Each structure stands twice: as C-alpha cells, then as structure tokens.
>>> print(open('work-v7.pdb').read())   # PDB, C-alpha atoms, pLDDT in the B column
ATOM      1  CA  MET I 186      72.075 169.453 -53.349  1.00 45.00           C
ATOM      2  CA  ALA I 187      69.518 166.902 -54.449  1.00 51.00           C
ATOM      3  CA  SER I 188      66.122 168.307 -55.325  1.00 60.00           C
ATOM      4  CA  GLU I 189      64.306 165.506 -53.516  1.00 84.00           C
ATOM      5  CA  ASN I 190      62.690 165.958 -50.128  1.00 90.00           C
ATOM      6  CA  LEU I 191      64.280 164.392 -47.065  1.00 91.00           C
ATOM      7  CA  THR I 192      62.076 162.292 -44.785  1.00 95.00           C
ATOM      8  CA  THR I 193      63.711 161.509 -41.460  1.00 95.00           C
ATOM      9  CA  LEU I 194      63.095 161.376 -37.721  1.00 96.00           C
ATOM     10  CA  GLY I 195      61.946 164.590 -36.078  1.00 95.00           C
ATOM     11  CA  LYS I 196      64.110 164.294 -32.965  1.00 96.00           C
ATOM     12  CA  GLU I 197      66.005 161.898 -30.735  1.00 97.00           C
ATOM     13  CA  ALA I 198      63.653 159.820 -28.617  1.00 98.00           C
ATOM     14  CA  SER I 199      63.342 156.605 -26.639  1.00 98.00           C
ATOM     15  CA  ALA I 200      60.662 154.169 -25.512  1.00 98.00           C
ATOM     16  CA  GLU I 201      60.646 151.212 -23.146  1.00 97.00           C
ATOM     17  CA  PHE I 202      58.539 148.153 -22.345  1.00 97.00           C
ATOM     18  CA  THR I 203      58.895 144.805 -20.584  1.00 96.00           C
ATOM     19  CA  GLU I 204      58.200 141.431 -22.183  1.00 94.00           C
ATOM     20  CA  LYS I 205      58.392 138.325 -19.955  1.00 94.00           C
ATOM     21  CA  LYS I 206      60.754 140.109 -17.570  1.00 93.00           C
ATOM     22  CA  SER I 207      63.103 141.214 -20.370  1.00 93.00           C
ATOM     23  CA  VAL I 208      63.320 145.008 -20.602  1.00 97.00           C
ATOM     24  CA  PHE I 209      63.540 146.479 -24.114  1.00 98.00           C
ATOM     25  CA  ILE I 210      64.589 150.119 -24.572  1.00 98.00           C
ATOM     26  CA  GLY I 211      64.412 151.578 -28.053  1.00 98.00           C
ATOM     27  CA  TYR I 212      66.449 154.636 -29.009  1.00 98.00           C
ATOM     28  CA  ALA I 213      65.897 156.511 -32.279  1.00 98.00           C
ATOM     29  CA  ARG I 214      67.777 159.485 -33.664  1.00 98.00           C
ATOM     30  CA  PRO I 215      68.140 161.437 -36.920  1.00 97.00           C
ATOM     31  CA  VAL I 216      71.724 161.451 -38.241  1.00 97.00           C
ATOM     32  CA  SER I 217      73.544 163.122 -41.118  1.00 93.00           C
ATOM     33  CA  SER I 218      76.204 160.470 -41.769  1.00 96.00           C
ATOM     34  CA  ALA I 219      77.022 156.805 -41.268  1.00 97.00           C
ATOM     35  CA  GLN I 220      79.783 157.834 -38.865  1.00 97.00           C
ATOM     36  CA  GLU I 221      77.289 159.745 -36.732  1.00 97.00           C
ATOM     37  CA  ALA I 222      75.091 156.640 -36.662  1.00 98.00           C
ATOM     38  CA  GLU I 223      78.028 154.456 -35.614  1.00 97.00           C
ATOM     39  CA  ASP I 224      78.961 156.960 -32.892  1.00 98.00           C
ATOM     40  CA  PHE I 225      75.406 156.912 -31.548  1.00 98.00           C
ATOM     41  CA  ILE I 226      75.384 153.107 -31.458  1.00 98.00           C
ATOM     42  CA  LEU I 227      78.644 153.147 -29.520  1.00 98.00           C
ATOM     43  CA  GLN I 228      77.238 155.774 -27.149  1.00 98.00           C
ATOM     44  CA  ILE I 229      74.230 153.591 -26.314  1.00 98.00           C
ATOM     45  CA  LYS I 230      76.432 150.514 -25.922  1.00 97.00           C
ATOM     46  CA  LYS I 231      78.566 152.384 -23.393  1.00 97.00           C
ATOM     47  CA  LYS I 232      75.476 153.659 -21.592  1.00 97.00           C
ATOM     48  CA  HIS I 233      74.105 150.122 -21.315  1.00 97.00           C
ATOM     49  CA  ALA I 234      77.337 148.168 -21.075  1.00 95.00           C
ATOM     50  CA  ASP I 235      75.648 145.886 -18.531  1.00 96.00           C
ATOM     51  CA  ALA I 236      72.855 144.910 -20.944  1.00 96.00           C
ATOM     52  CA  ARG I 237      72.816 141.532 -22.675  1.00 92.00           C
ATOM     53  CA  HIS I 238      72.263 142.991 -26.148  1.00 96.00           C
ATOM     54  CA  ASN I 239      72.299 146.346 -27.950  1.00 97.00           C
ATOM     55  CA  VAL I 240      70.771 145.587 -31.338  1.00 98.00           C
ATOM     56  CA  SER I 241      71.018 148.318 -33.987  1.00 98.00           C
ATOM     57  CA  ALA I 242      70.208 149.382 -37.524  1.00 98.00           C
ATOM     58  CA  TYR I 243      70.546 152.528 -39.591  1.00 98.00           C
ATOM     59  CA  ILE I 244      69.859 153.942 -43.031  1.00 98.00           C
ATOM     60  CA  VAL I 245      71.923 156.875 -44.308  1.00 97.00           C
ATOM     61  CA  GLY I 246      71.632 157.149 -48.079  1.00 93.00           C
ATOM     62  CA  ASN I 247      73.253 154.044 -49.556  1.00 94.00           C
ATOM     63  CA  ALA I 248      74.709 153.030 -46.189  1.00 96.00           C
ATOM     64  CA  VAL I 249      72.353 150.418 -44.730  1.00 97.00           C
ATOM     65  CA  ARG I 250      73.622 148.450 -41.734  1.00 97.00           C
ATOM     66  CA  TYR I 251      72.235 146.287 -38.951  1.00 97.00           C
ATOM     67  CA  SER I 252      73.569 144.168 -36.072  1.00 97.00           C
ATOM     68  CA  ASP I 253      71.966 141.388 -34.017  1.00 96.00           C
ATOM     69  CA  ASP I 254      74.617 141.958 -31.312  1.00 95.00           C
ATOM     70  CA  GLY I 255      74.589 138.363 -30.144  1.00 93.00           C
ATOM     71  CA  GLU I 256      70.916 137.582 -30.654  1.00 95.00           C
ATOM     72  CA  PRO I 257      70.055 134.650 -32.960  1.00 94.00           C
ATOM     73  CA  LYS I 258      70.618 135.646 -36.586  1.00 95.00           C
ATOM     74  CA  GLY I 259      67.789 137.688 -38.049  1.00 93.00           C
ATOM     75  CA  THR I 260      65.889 138.175 -34.780  1.00 96.00           C
ATOM     76  CA  GLY I 261      67.176 141.631 -33.832  1.00 96.00           C
ATOM     77  CA  GLY I 262      68.853 143.806 -36.417  1.00 96.00           C
ATOM     78  CA  VAL I 263      66.652 142.805 -39.340  1.00 97.00           C
ATOM     79  CA  PRO I 264      63.340 143.567 -37.576  1.00 97.00           C
ATOM     80  CA  VAL I 265      64.709 146.945 -36.463  1.00 98.00           C
ATOM     81  CA  LEU I 266      65.884 147.711 -39.993  1.00 98.00           C
ATOM     82  CA  GLU I 267      62.457 146.741 -41.351  1.00 97.00           C
ATOM     83  CA  ILE I 268      60.813 149.282 -39.047  1.00 97.00           C
ATOM     84  CA  LEU I 269      63.110 151.976 -40.427  1.00 97.00           C
ATOM     85  CA  LYS I 270      62.268 150.961 -43.988  1.00 97.00           C
ATOM     86  CA  LYS I 271      58.520 150.861 -43.338  1.00 96.00           C
ATOM     87  CA  SER I 272      58.614 154.352 -41.810  1.00 96.00           C
ATOM     88  CA  GLY I 273      60.193 155.649 -45.030  1.00 95.00           C
ATOM     89  CA  VAL I 274      62.990 157.535 -43.301  1.00 96.00           C
ATOM     90  CA  ASP I 275      66.554 158.263 -44.349  1.00 95.00           C
ATOM     91  CA  GLY I 276      69.357 159.543 -42.143  1.00 96.00           C
ATOM     92  CA  ALA I 277      68.119 157.611 -39.113  1.00 98.00           C
ATOM     93  CA  VAL I 278      69.477 155.126 -36.576  1.00 98.00           C
ATOM     94  CA  ILE I 279      67.793 152.892 -34.004  1.00 98.00           C
ATOM     95  CA  VAL I 280      69.378 150.998 -31.120  1.00 98.00           C
ATOM     96  CA  VAL I 281      67.333 148.595 -29.017  1.00 98.00           C
ATOM     97  CA  THR I 282      68.819 147.613 -25.677  1.00 98.00           C
ATOM     98  CA  ARG I 283      67.682 144.381 -24.040  1.00 97.00           C
ATOM     99  CA  TYR I 284      68.107 143.447 -20.405  1.00 97.00           C
ATOM    100  CA  PHE I 285      67.490 139.697 -20.288  1.00 93.00           C
ATOM    101  CA  GLY I 286      64.902 138.676 -17.707  1.00 90.00           C
ATOM    102  CA  GLY I 287      65.676 134.976 -17.580  1.00 89.00           C
ATOM    103  CA  ILE I 288      62.801 133.789 -19.753  1.00 89.00           C
ATOM    104  CA  LEU I 289      63.566 132.800 -23.346  1.00 89.00           C
ATOM    105  CA  LEU I 290      61.296 134.456 -25.892  1.00 93.00           C
ATOM    106  CA  GLY I 291      62.111 132.255 -28.876  1.00 93.00           C
ATOM    107  CA  ALA I 292      62.854 133.611 -32.350  1.00 95.00           C
ATOM    108  CA  PRO I 293      59.287 134.811 -33.124  1.00 95.00           C
ATOM    109  CA  GLY I 294      59.079 136.468 -29.717  1.00 96.00           C
ATOM    110  CA  LEU I 295      62.378 138.275 -30.238  1.00 96.00           C
ATOM    111  CA  VAL I 296      61.330 139.530 -33.664  1.00 97.00           C
ATOM    112  CA  ARG I 297      58.079 140.886 -32.224  1.00 96.00           C
ATOM    113  CA  ALA I 298      59.799 142.493 -29.262  1.00 97.00           C
ATOM    114  CA  TYR I 299      62.559 144.201 -31.236  1.00 97.00           C
ATOM    115  CA  SER I 300      60.065 145.358 -33.841  1.00 98.00           C
ATOM    116  CA  ARG I 301      57.814 146.773 -31.125  1.00 98.00           C
ATOM    117  CA  ALA I 302      60.665 148.623 -29.378  1.00 98.00           C
ATOM    118  CA  ALA I 303      61.867 150.095 -32.671  1.00 98.00           C
ATOM    119  CA  ALA I 304      58.354 151.124 -33.718  1.00 98.00           C
ATOM    120  CA  MET I 305      57.698 152.745 -30.336  1.00 98.00           C
ATOM    121  CA  ALA I 306      60.954 154.720 -30.589  1.00 98.00           C
ATOM    122  CA  VAL I 307      60.091 155.905 -34.115  1.00 98.00           C
ATOM    123  CA  GLU I 308      56.640 156.965 -32.932  1.00 97.00           C
ATOM    124  CA  GLU I 309      58.172 158.973 -30.096  1.00 97.00           C
ATOM    125  CA  ALA I 310      60.704 160.603 -32.428  1.00 97.00           C
ATOM    126  CA  GLY I 311      58.118 161.395 -35.095  1.00 97.00           C
ATOM    127  CA  VAL I 312      58.626 161.341 -38.841  1.00 96.00           C
ATOM    128  CA  VAL I 313      59.064 164.649 -40.655  1.00 95.00           C
ATOM    129  CA  THR I 314      59.706 165.629 -44.259  1.00 94.00           C
ATOM    130  CA  TYR I 315      62.103 168.443 -45.054  1.00 93.00           C
ATOM    131  CA  ARG I 316      62.382 170.233 -48.392  1.00 95.00           C
ATOM    132  CA  PRO I 317      65.617 171.493 -49.988  1.00 95.00           C
ATOM    133  CA  TYR I 318      66.264 175.236 -49.778  1.00 97.00           C
ATOM    134  CA  THR I 319      68.954 177.412 -51.346  1.00 97.00           C
ATOM    135  CA  GLU I 320      70.326 180.069 -49.008  1.00 98.00           C
ATOM    136  CA  CYS I 321      71.207 183.463 -50.444  1.00 98.00           C
ATOM    137  CA  THR I 322      71.585 187.158 -49.702  1.00 97.00           C
ATOM    138  CA  VAL I 323      69.985 190.009 -51.609  1.00 96.00           C
ATOM    139  CA  THR I 324      71.167 193.598 -51.184  1.00 95.00           C
ATOM    140  CA  CYS I 325      69.027 196.459 -52.446  1.00 93.00           C
ATOM    141  CA  ASP I 326      68.481 200.161 -51.915  1.00 93.00           C
ATOM    142  CA  TYR I 327      65.397 201.375 -50.080  1.00 94.00           C
ATOM    143  CA  ALA I 328      63.595 202.299 -53.304  1.00 92.00           C
ATOM    144  CA  LEU I 329      63.533 198.639 -54.390  1.00 92.00           C
ATOM    145  CA  TYR I 330      62.694 197.133 -51.019  1.00 94.00           C
ATOM    146  CA  ASP I 331      58.922 196.978 -51.549  1.00 93.00           C
ATOM    147  CA  ARG I 332      59.353 195.282 -54.928  1.00 90.00           C
ATOM    148  CA  LEU I 333      61.638 192.722 -53.365  1.00 93.00           C
ATOM    149  CA  LEU I 334      59.171 192.010 -50.566  1.00 94.00           C
ATOM    150  CA  TYR I 335      56.394 191.598 -53.129  1.00 92.00           C
ATOM    151  CA  ASP I 336      58.333 188.953 -55.043  1.00 92.00           C
ATOM    152  CA  ILE I 337      59.333 187.152 -51.846  1.00 94.00           C
ATOM    153  CA  GLY I 338      55.676 187.027 -50.851  1.00 94.00           C
ATOM    154  CA  ARG I 339      54.803 185.183 -54.054  1.00 92.00           C
ATOM    155  CA  ARG I 340      57.203 182.326 -53.359  1.00 94.00           C
ATOM    156  CA  THR I 341      58.254 179.768 -50.768  1.00 96.00           C
ATOM    157  CA  VAL I 342      60.915 181.806 -48.999  1.00 96.00           C
ATOM    158  CA  ILE I 343      62.176 181.827 -45.416  1.00 97.00           C
ATOM    159  CA  THR I 344      63.586 185.177 -44.255  1.00 96.00           C
ATOM    160  CA  ASP I 345      66.485 184.447 -41.916  1.00 97.00           C
ATOM    161  CA  GLY I 346      67.278 188.094 -41.226  1.00 96.00           C
ATOM    162  CA  THR I 347      67.275 191.655 -42.515  1.00 96.00           C
ATOM    163  CA  ASP I 348      70.092 194.165 -42.042  1.00 96.00           C
ATOM    164  CA  PHE I 349      69.261 197.850 -42.474  1.00 96.00           C
ATOM    165  CA  GLY I 350      72.150 200.191 -43.212  1.00 93.00           C
ATOM    166  CA  GLY I 351      73.181 202.293 -46.157  1.00 93.00           C
ATOM    167  CA  ALA I 352      71.401 199.571 -48.129  1.00 95.00           C
ATOM    168  CA  ILE I 353      69.176 196.679 -47.090  1.00 96.00           C
ATOM    169  CA  THR I 354      70.521 193.128 -47.046  1.00 97.00           C
ATOM    170  CA  LEU I 355      68.161 190.194 -46.649  1.00 97.00           C
ATOM    171  CA  ARG I 356      69.326 186.719 -45.710  1.00 97.00           C
ATOM    172  CA  LEU I 357      66.936 184.285 -47.369  1.00 97.00           C
ATOM    173  CA  ALA I 358      66.333 180.600 -47.917  1.00 97.00           C
ATOM    174  CA  VAL I 359      64.420 179.964 -51.144  1.00 97.00           C
ATOM    175  CA  LEU I 360      62.812 176.622 -51.961  1.00 96.00           C
ATOM    176  CA  THR I 361      65.382 175.149 -54.332  1.00 96.00           C
ATOM    177  CA  GLU I 362      62.892 174.313 -57.062  1.00 95.00           C
ATOM    178  CA  GLU I 363      61.831 177.977 -57.090  1.00 95.00           C
ATOM    179  CA  TYR I 364      65.283 179.549 -56.837  1.00 96.00           C
ATOM    180  CA  ASP I 365      66.042 180.030 -60.544  1.00 96.00           C
ATOM    181  CA  ALA I 366      62.647 181.613 -61.160  1.00 96.00           C
ATOM    182  CA  PHE I 367      63.167 183.865 -58.135  1.00 95.00           C
ATOM    183  CA  ALA I 368      66.583 185.025 -59.362  1.00 96.00           C
ATOM    184  CA  LYS I 369      65.308 185.665 -62.907  1.00 96.00           C
ATOM    185  CA  SER I 370      62.289 187.558 -61.608  1.00 94.00           C
ATOM    186  CA  LEU I 371      64.398 189.891 -59.479  1.00 93.00           C
ATOM    187  CA  TYR I 372      66.828 190.513 -62.333  1.00 93.00           C
ATOM    188  CA  SER I 373      64.032 191.273 -64.776  1.00 93.00           C
ATOM    189  CA  MET I 374      61.943 193.340 -62.367  1.00 88.00           C
ATOM    190  CA  THR I 375      64.848 195.630 -61.441  1.00 89.00           C
ATOM    191  CA  ASN I 376      66.660 195.789 -64.797  1.00 89.00           C
ATOM    192  CA  GLY I 377      69.555 193.753 -63.468  1.00 90.00           C
ATOM    193  CA  LYS I 378      70.003 195.654 -60.203  1.00 87.00           C
ATOM    194  CA  LEU I 379      69.043 192.764 -57.944  1.00 91.00           C
ATOM    195  CA  ILE I 380      70.954 189.518 -58.221  1.00 92.00           C
ATOM    196  CA  PRO I 381      70.782 186.994 -55.340  1.00 95.00           C
ATOM    197  CA  LYS I 382      74.103 185.660 -54.091  1.00 96.00           C
ATOM    198  CA  LYS I 383      74.055 181.996 -53.110  1.00 96.00           C
ATOM    199  CA  THR I 384      75.526 181.331 -49.669  1.00 96.00           C
ATOM    200  CA  GLY I 385      74.556 177.756 -48.887  1.00 95.00           C
ATOM    201  CA  GLU I 386      72.024 174.947 -48.961  1.00 94.00           C
ATOM    202  CA  ARG I 387      69.900 173.251 -46.351  1.00 93.00           C
ATOM    203  CA  PHE I 388      66.785 171.221 -45.670  1.00 91.00           C
ATOM    204  CA  ASP I 389      63.922 172.864 -43.824  1.00 91.00           C
ATOM    205  CA  ALA I 390      60.360 172.031 -42.896  1.00 81.00           C
TER
END
>>> encode(input="work-v7.pdb", output="structure tokens")
Amino acid sequence: MASENLTTLGKEASAEFTEKKSVFIGYARPVSSAQEAEDFILQIKKKHADARHNVSAYIVGNAVRYSDDGEPKGTGGVPVLEILKKSGVDGAVIVVTRYFGGILLGAPGLVRAYSRAAAMAVEEAGVVTYRPYTECTVTCDYALYDRLLYDIGRRTVITDGTDFGGAITLRLAVLTEEYDAFAKSLYSMTNGKLIPKKTGERFDA
C-alpha cells in the first residue's frame, strides 16, 4: 500500500438546479476503480435515458476520463473534470444530467452550468482525507495485556475487536507509518513474546 493519504469524496450525493429551463442534475460518488466509475456512469445514463445529455468525468489514479456526451466539445466533460481536479480528490466520478429546456445557453453558459452542477454535487458529497492503516492481530496472555494496551495508547491505532479466551487476541489497524515502530516496540518490551501478524491494509479517517 502507498504511504500517501487518500483524498476522495465522503459519500454518494446529488444536487440539482435549473438554468433557462434546462434542468441540470449533478451526481458525485467515490469509487475504487475505473470500472466502478464506468459502471456508475452507465447506471446514471440508464436512469436518465430520456435526458438530452449525461456528461461525465472521473479520476482514479492514472485513469482520467471525461465525456461531453453530445454537447459541444469542451463545454461539458472538461468543466466537470476541472471541478474534480480543483477539489483535489482521487477515486471519484461525477455525472451531470441535462434535460434541455428549449433555450440555448451557448458555450460559456454550458461551461458555467456544468461546472456549477459538478461543484454542487461535490459540496453535497463532501471531501474527506483517509490515511493508510495496516491491519494486524496481536495475541497475548493476560499478564501482558496491560503492557500492550499502554503501547497501543501511545500510537495511532484503531481497535477493531478484542477476543478473550485462553489468551487475548486484539484485531488492530495501525497507522502504516507507525507500524514498524509499533511492532519493534512490542517485540522489545516483551522479549520477543509479542509479534503482530499482518492481516490486511486499508484507508481510514
């Protein structure tokens, strides 16, 4: 896992407004892959199959795509993509649906409208930053439990669960940049009796 933080949308959201009788509906959603972004775009297109346009853009790592979906070149997809870039997010997709109201907006008007719909959707979704965590389990006897809790309390650790039995097993998520120090500390503090076992990786707030 990369050690960098992940800034993305906080949730799926939508926003709507009307400009000269044309209705613009912006949809924003966090995604984990380009395929998920493409699937979401298709989902919105099916939902609004009767709309004149379903403009879209997404950023997922190195995958950066946009579509004007029939609007004049550069008046739909590019403005939406620019909103994504300005918000600083990754792993995010926006689709803006337009129901044409019969009044032409002109290129500048379209750029403003699509930008506004995208920005409103991003605002509704919220922008959050997640940090990388390393998931692990630590099993100890009851005599070492207090020492383990002490070390956990000194670090950025999320306790996902604790199982009490013949021994105690904690399911933890340790901030990745602190994981090596955490593992070394436990090993040293208990003369090699406590060694975390990595079980996964994730991003968390």
>>> atom_distance(input="work-v7.pdb", atom1="CA of Gly276 (chain I)", atom2="CA of Thr193 (chain I)")
6.0 Å
>>> resolve_selection(input="work-v7.pdb", expression="the PyMOL selection byres ((chain I and resi 335-342) around 7)", output="ChimeraX atom specification")
/I:331-334,343-344,357-360
>>> closest_atom_pairs(input="work-v7.pdb", of="region 244-281 of chain I", to="region 194-218 of chain I", cutoff="10 Å", atoms="all atoms listed in the file", output="Markdown table")
| residue | atom | partner | partner_atom | distance |
| --- | --- | --- | --- | --- |
| I:Ile244 | CA | I:Val216 | CA | 9.1 |
| I:Val245 | CA | I:Ser218 | CA | 6.1 |
| I:Gly246 | CA | I:Ser218 | CA | 8.5 |
| I:Ala248 | CA | I:Ser218 | CA | 8.8 |
| I:Val265 | CA | I:Gly211 | CA | 9.6 |
| I:Leu269 | CA | I:Ala213 | CA | 9.7 |
| I:Ser272 | CA | I:Leu194 | CA | 9.3 |
| I:Gly273 | CA | I:Leu194 | CA | 9.7 |
| I:Val274 | CA | I:Leu194 | CA | 6.8 |
| I:Asp275 | CA | I:Leu194 | CA | 8.1 |
| I:Gly276 | CA | I:Val216 | CA | 4.9 |
| I:Ala277 | CA | I:Pro215 | CA | 4.4 |
| I:Val278 | CA | I:Arg214 | CA | 5.5 |
| I:Ile279 | CA | I:Ala213 | CA | 4.4 |
| I:Val280 | CA | I:Tyr212 | CA | 5.1 |
| I:Val281 | CA | I:Gly211 | CA | 4.3 |
>>> atom_distance(input="work-v7.pdb", atom1="CA of Tyr315 (chain I)", atom2="CA of Leu191 (chain I)")
5.0 Å
>>> closest_residue(input="work-v7.pdb", among="I:Asp365, I:Ile229, I:Ile268, I:Ala292", to="Met305 (chain I)", atoms="all atoms listed in the file")
I:Ile268
>>> closest_residue(input="work-v7.pdb", among="I:Thr361, I:Thr282, I:Asn247, I:Thr384", to="Lys230 (chain I)", atoms="all atoms listed in the file")
I:Thr282
>>> axis_aligned_box(input="work-v7.pdb", around="region 345-361 of chain I", padding_each_side="3 Å", output="JSON")
{"center_x": 68.0, "center_y": 188.7, "center_z": -47.8, "size_x": 16.4, "size_y": 33.1, "size_z": 19.1}
>>> resolve_selection(input="work-v7.pdb", expression="the PyMOL selection byres ((chain I and resi 381) around 9)", output="list in words")
Cys321, Thr322, Val323, Thr324, Phe367, Ala368, Leu371, Tyr372, Leu379, Ile380, Lys382 and Lys383 of chain I
>>> atom_distance(input="work-v7.pdb", atom1="CA of Ala242 (chain I)", atom2="CA of Leu290 (chain I)")
20.9 Å
>>> resolve_selection(input="work-v7.pdb", expression="the PyMOL selection byres ((chain I and resi 352-354) around 8)", output="ChimeraX atom specification")
/I:322-327,330,347-351,355-356
>>> closest_residue(input="work-v7.pdb", among="I:Glu223, I:Ala236, I:Ser300, I:Gln228", to="Gly261 (chain I)", atoms="only C-alpha atoms")
I:Ser300
>>> build_atoms(input="work-v7.pdb", residues="region 269-280 of chain I", atoms="N, CA and C atoms", output="CSV table (one decimal), in the frame of the given file")
chain,number,residue,atom,x,y,z
I,269,LEU,N,62.6,150.8,-39.8
I,269,LEU,CA,63.1,152.0,-40.4
I,269,LEU,C,62.6,152.1,-41.9
I,270,LYS,N,62.7,151.0,-42.6
I,270,LYS,CA,62.3,151.0,-44.0
I,270,LYS,C,60.8,151.3,-44.1
I,271,LYS,N,60.0,150.7,-43.3
I,271,LYS,CA,58.5,150.9,-43.3
I,271,LYS,C,58.1,152.3,-43.0
I,272,SER,N,58.9,153.0,-42.2
I,272,SER,CA,58.6,154.4,-41.8
I,272,SER,C,59.0,155.3,-42.9
I,273,GLY,N,59.8,154.8,-43.9
I,273,GLY,CA,60.2,155.6,-45.0
I,273,GLY,C,61.2,156.7,-44.8
I,274,VAL,N,62.0,156.5,-43.7
I,274,VAL,CA,63.0,157.5,-43.3
I,274,VAL,C,64.4,157.3,-43.9
I,275,ASP,N,65.1,158.3,-44.0
I,275,ASP,CA,66.6,158.3,-44.3
I,275,ASP,C,67.3,159.1,-43.3
I,276,GLY,N,68.6,158.8,-43.1
I,276,GLY,CA,69.4,159.5,-42.1
I,276,GLY,C,68.8,159.3,-40.7
I,277,ALA,N,68.7,158.0,-40.4
I,277,ALA,CA,68.1,157.6,-39.1
I,277,ALA,C,68.8,156.4,-38.6
I,278,VAL,N,68.9,156.3,-37.2
I,278,VAL,CA,69.5,155.1,-36.6
I,278,VAL,C,68.6,154.7,-35.4
I,279,ILE,N,68.5,153.4,-35.2
I,279,ILE,CA,67.8,152.9,-34.0
I,279,ILE,C,68.7,151.9,-33.3
I,280,VAL,N,68.7,152.0,-32.0
I,280,VAL,CA,69.4,151.0,-31.1
I,280,VAL,C,68.3,150.5,-30.1
